[in-house]
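Notes to accompany the following structure.
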Amino acid sequence: MKRRDFLLKSALAGCVLPSALLNSCQNSSPGSPASGQDDTDDPFELKEVSIEALQQKMEKGEYTSRVLVEMYLRRIKEIDQDGSRLNSVIEVNPDALAIAEKLDEERRSGRVRSVLHGIPFLVKDNIDTGDRMMTTAGSLALSGHHATEDAPIVGQLREAGAVLIGKTNLSEWANFRSTRSSSGWSSRGGQTKNPYSLERNPCGSSSGSGVAVAANLCSFAIGTETNGSISCPSSINGIVGLKPTVGLVSRTGIIPISKTQDTAGPMTRTVRETALILNAITAADEKDAATLQRPRDIPRDYLSFLEVEALRGKRIGVEKSFLRVHEKVDALLQQALEQMKSRGATIVEVDFVKKLKDAGESEYKVLQFEFKDGLNRYLAARSAPVKSLKDIIAFNNAHADSVMPFFRQEILEASEGREDLNSDDYKNALNSVITTSREAIDGVMREHRLHAICGPATGAAWCTDVVNGDSFSGYGMGSGAAMAGYPSITVPLGDVYSLPVGILFIGRAYGEGDLLGIAYAYEQASRNRKPPAFLQQIL
């Protein structure tokens, strides 16, 4: 399979319904809300309430952390497990209430750790948590696996006082199992649904994190990305998602695909909240070599970049090939460009994506090599029920009815066939990917004196199809940033037939501050975030 096909299958649109969802779609009136949920007047008290607003309410004694946790857990029960059955939370933390109570005691004694003190959050189920929850990457092969310690990113958030209330579903093995997988489906967690239209796909692989944030099941969530796994679900679920520069955030304790492309990042409802979370998770890690290679002048406070006038004087590149793909997305993009111009930005058309054409095949090869090496290392260091990629493949074959009812594991098998990382084939492919992608981004930004490059992150959500897999609508600019290890941020662009679409901004390595400023100024000018309506169908 060509690497381009691999990227496209995990990205964007098309519409054939799986039989498991046909009844719920066909038996509902078009545009009707799902059972148990009023789309016109969602009564949830914490709907769209920001992290800082929650903190202020706790300071005034209007809420306690325990009350917040109870409210979010009730919300998860009512619309994620029951009601709309979004299926975004794969497991609830049995210790969440006890943790919240301890943080409330700290507050009463005069200790408030940070703006995140007592704030409930969720993490993707490929991130280690040293508690009673499992870490499985959505795979039944890892069912029963409990990490002995938190991943550093989880530990940092807990130290800041945030309350982990559960883990989110994902595309199994972060969507690196089959060429025709359905995003948001895992053998352990089943299929996650799009809260804007339940028959449509949430994209992945951070599907559960994107849906949970969009549906107000938590205050914020953590996702992971190798190529599009934060940007795509953020776009399709109408939220903000940041893929940091590889090396800004620790990857230790995260089930890997690629040591050169993997990173974790915040998924929130606003750019300001993204900056708050980034402040908490940015740190060097002796166990993650990439974090030790970053520059010394990393910003201490990303909130300082958030200015309404941050677009003034900025030069923003827009990808030419994305100006005429889908007429409704085109209109949204043109509106965004006009809004940025009105805030003082200069818009420059650029040819960016075509420069990445030759890197796709090499990237797919690199990911296979690094997945085998990284996963084997991860499993060897843990008391997991399987010890290697080879064991996982064997487990899946032995339990095919439950693990592979819709699609197979050809990417796992192809990865197992790769040699080790000393292979010249690997080294040559890696050099091609890094050189091509970085020269493409740095070259176009240098040539046109750009502060960022932008374009639609995705098209509108496609109908979930477990038979044929995901479909593509012609976008996906974030691949360049993913291959280069550079940062990107997705912000709501508007909606197409009530389905959210995001705009993606790409910057230079460790340019998160400037990107956050640009994204914030655009967000304040556009105000495109809309909560989901939980419709059964949009038409």
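By order in the structure tokens, chains are A, B, ...; within a chain, residues start at 1; ligands start at 1, following the order shown.
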Env of range 42-56 of chain A: 8 Å cut, atoms = only C-alpha atoms, seq-sep filter 3 positions within chain, self excluded. Answer as a PyMOL selection string. chain A and resi 37-39+59-60+63+75+115-119+216+219+269+273+531
N, CA and C atoms of the current selection, written as a PDB file, in the first residue's frame:
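After the write, out23.pdb holds the following:
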ATOM      1  N   GLN A  37     -31.244  13.082  24.998  1.00  0.00           N
ATOM      2  CA  GLN A  37     -30.436  14.295  24.929  1.00  0.00           C
ATOM      3  C   GLN A  37     -31.184  15.377  24.173  1.00  0.00           C
ATOM      4  N   ASP A  38     -31.377  16.534  24.782  1.00  0.00           N
ATOM      5  CA  ASP A  38     -32.016  17.674  24.149  1.00  0.00           C
ATOM      6  C   ASP A  38     -30.950  18.557  23.532  1.00  0.00           C
ATOM      7  N   ASP A  39     -30.896  18.597  22.187  1.00  0.00           N
ATOM      8  CA  ASP A  39     -29.833  19.334  21.521  1.00  0.00           C
ATOM      9  C   ASP A  39     -30.047  20.845  21.592  1.00  0.00           C
ATOM     10  N   GLU A  59     -12.667  28.689  44.167  1.00  0.00           N
ATOM     11  CA  GLU A  59     -12.124  29.677  45.108  1.00  0.00           C
ATOM     12  C   GLU A  59     -13.237  30.360  45.891  1.00  0.00           C
ATOM     13  N   LYS A  60     -14.388  30.583  45.254  1.00  0.00           N
ATOM     14  CA  LYS A  60     -15.519  31.241  45.910  1.00  0.00           C
ATOM     15  C   LYS A  60     -16.358  30.268  46.747  1.00  0.00           C
ATOM     16  N   TYR A  63     -18.190  25.528  44.085  1.00  0.00           N
ATOM     17  CA  TYR A  63     -17.957  24.119  43.774  1.00  0.00           C
ATOM     18  C   TYR A  63     -16.786  23.622  44.604  1.00  0.00           C
ATOM     19  N   ARG A  75     -22.223  12.977  33.866  1.00  0.00           N
ATOM     20  CA  ARG A  75     -22.362  13.323  32.446  1.00  0.00           C
ATOM     21  C   ARG A  75     -21.887  12.160  31.569  1.00  0.00           C
ATOM     22  N   VAL A 115      -3.459  26.633  38.590  1.00  0.00           N
ATOM     23  CA  VAL A 115      -4.779  26.883  38.026  1.00  0.00           C
ATOM     24  C   VAL A 115      -5.501  25.580  37.700  1.00  0.00           C
ATOM     25  N   LEU A 116      -4.769  24.465  37.670  1.00  0.00           N
ATOM     26  CA  LEU A 116      -5.371  23.160  37.390  1.00  0.00           C
ATOM     27  C   LEU A 116      -5.808  22.421  38.651  1.00  0.00           C
ATOM     28  N   HIS A 117      -5.622  23.014  39.818  1.00  0.00           N
ATOM     29  CA  HIS A 117      -5.936  22.348  41.087  1.00  0.00           C
ATOM     30  C   HIS A 117      -7.422  21.963  41.133  1.00  0.00           C
ATOM     31  N   GLY A 118      -7.663  20.648  41.182  1.00  0.00           N
ATOM     32  CA  GLY A 118      -9.026  20.135  41.284  1.00  0.00           C
ATOM     33  C   GLY A 118      -9.770  20.015  39.973  1.00  0.00           C
ATOM     34  N   ILE A 119      -9.103  20.279  38.847  1.00  0.00           N
ATOM     35  CA  ILE A 119      -9.760  20.273  37.530  1.00  0.00           C
ATOM     36  C   ILE A 119      -9.767  18.864  36.931  1.00  0.00           C
ATOM     37  N   ASN A 216     -18.207  18.015  26.394  1.00  0.00           N
ATOM     38  CA  ASN A 216     -18.142  18.492  27.780  1.00  0.00           C
ATOM     39  C   ASN A 216     -18.211  17.345  28.795  1.00  0.00           C
ATOM     40  N   SER A 219     -12.901  18.664  31.526  1.00  0.00           N
ATOM     41  CA  SER A 219     -12.460  20.036  31.305  1.00  0.00           C
ATOM     42  C   SER A 219     -11.445  20.108  30.167  1.00  0.00           C
ATOM     43  N   ARG A 269     -11.195  23.254  24.577  1.00  0.00           N
ATOM     44  CA  ARG A 269     -12.233  23.979  23.854  1.00  0.00           C
ATOM     45  C   ARG A 269     -11.798  25.392  23.459  1.00  0.00           C
ATOM     46  N   GLU A 273      -6.971  27.704  27.015  1.00  0.00           N
ATOM     47  CA  GLU A 273      -6.847  26.485  27.809  1.00  0.00           C
ATOM     48  C   GLU A 273      -5.704  25.613  27.290  1.00  0.00           C
ATOM     49  N   PRO A 531     -20.997  23.988  20.602  1.00  0.00           N
ATOM     50  CA  PRO A 531     -21.174  22.682  21.257  1.00  0.00           C
ATOM     51  C   PRO A 531     -21.954  21.737  20.351  1.00  0.00           C
TER      52      PRO A 531
END
Applying 8 Å and only C-alpha atoms, which residues near Ala96 in chain A remain after dropping the ones on its own chain fewer than 5 positions away? List them as a ChimeraX atom specification. /A:69,163-165
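The coordinates place CA of Val112 in chain A at 12.5 Å from CA of Thr64 in chain A.
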Near Glu91 in chain A, counting only C-alpha atoms, which residues have an atom at most 10 Å away, once you skip same-chain residues fewer than 6 positions from it, shown as an NGL selection string? :A and (122 or 125 or 133-135 or 165-169 or 189)
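CA of Pro152 in chain A sits 17.5 Å away from CA of Arg377 in chain A.
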If we count only C-alpha atoms and set the cut-off at 8 Å, which residues sit around range 479-486 of chain A, ignoring sequence neighbours fewer than 4 positions away in its own chain? Please answer as a VMD selection string. chain A and resid 226 to 228 244 to 246 260 to 261 353 356 363 433 to 434 437 to 438 440 to 441 506 to 510
From the list A:Tyr426, A:Phe305, A:Phe395, A:Phe369, which residue is nearest Ala141 in chain A when using only C-alpha atoms? A:Phe395
Ranking A:Ala275, A:Leu157, A:Leu97, A:Val89 by minimum distance to Ser207 in chain A and counting only C-alpha atoms, which one comes first?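 When distances to Ser207 in chain A are compared using only C-alpha atoms, the smallest one comes from A:Val89.
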Please list as number ranges by chain every residue within 8 Å of Ser187 in chain A, counting only C-alpha atoms and excluding residues in the same chain fewer than 4 positions away. A: 138-140, 172, 402-404
Given the selection you just returned, output its residues as a file containing C-alpha atoms, formatted as a short mmCIF file (atom, residue, chain, number, x, y, z; two decimals), in the first residue's frame.
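Saved file part22.cif follows:
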data_model
loop_
_atom_site.label_atom_id
_atom_site.label_comp_id
_atom_site.auth_asym_id
_atom_site.auth_seq_id
_atom_site.Cartn_x
_atom_site.Cartn_y
_atom_site.Cartn_z
CA GLY A 138 -7.55 -0.17 22.81
CA SER A 139 -6.30 -3.69 22.18
CA LEU A 140 -7.69 -6.83 23.81
CA GLU A 172 -6.69 0.64 18.12
CA SER A 402 -13.41 -10.50 18.78
CA VAL A 403 -10.24 -8.64 17.74
CA MET A 404 -10.67 -8.56 13.96
#
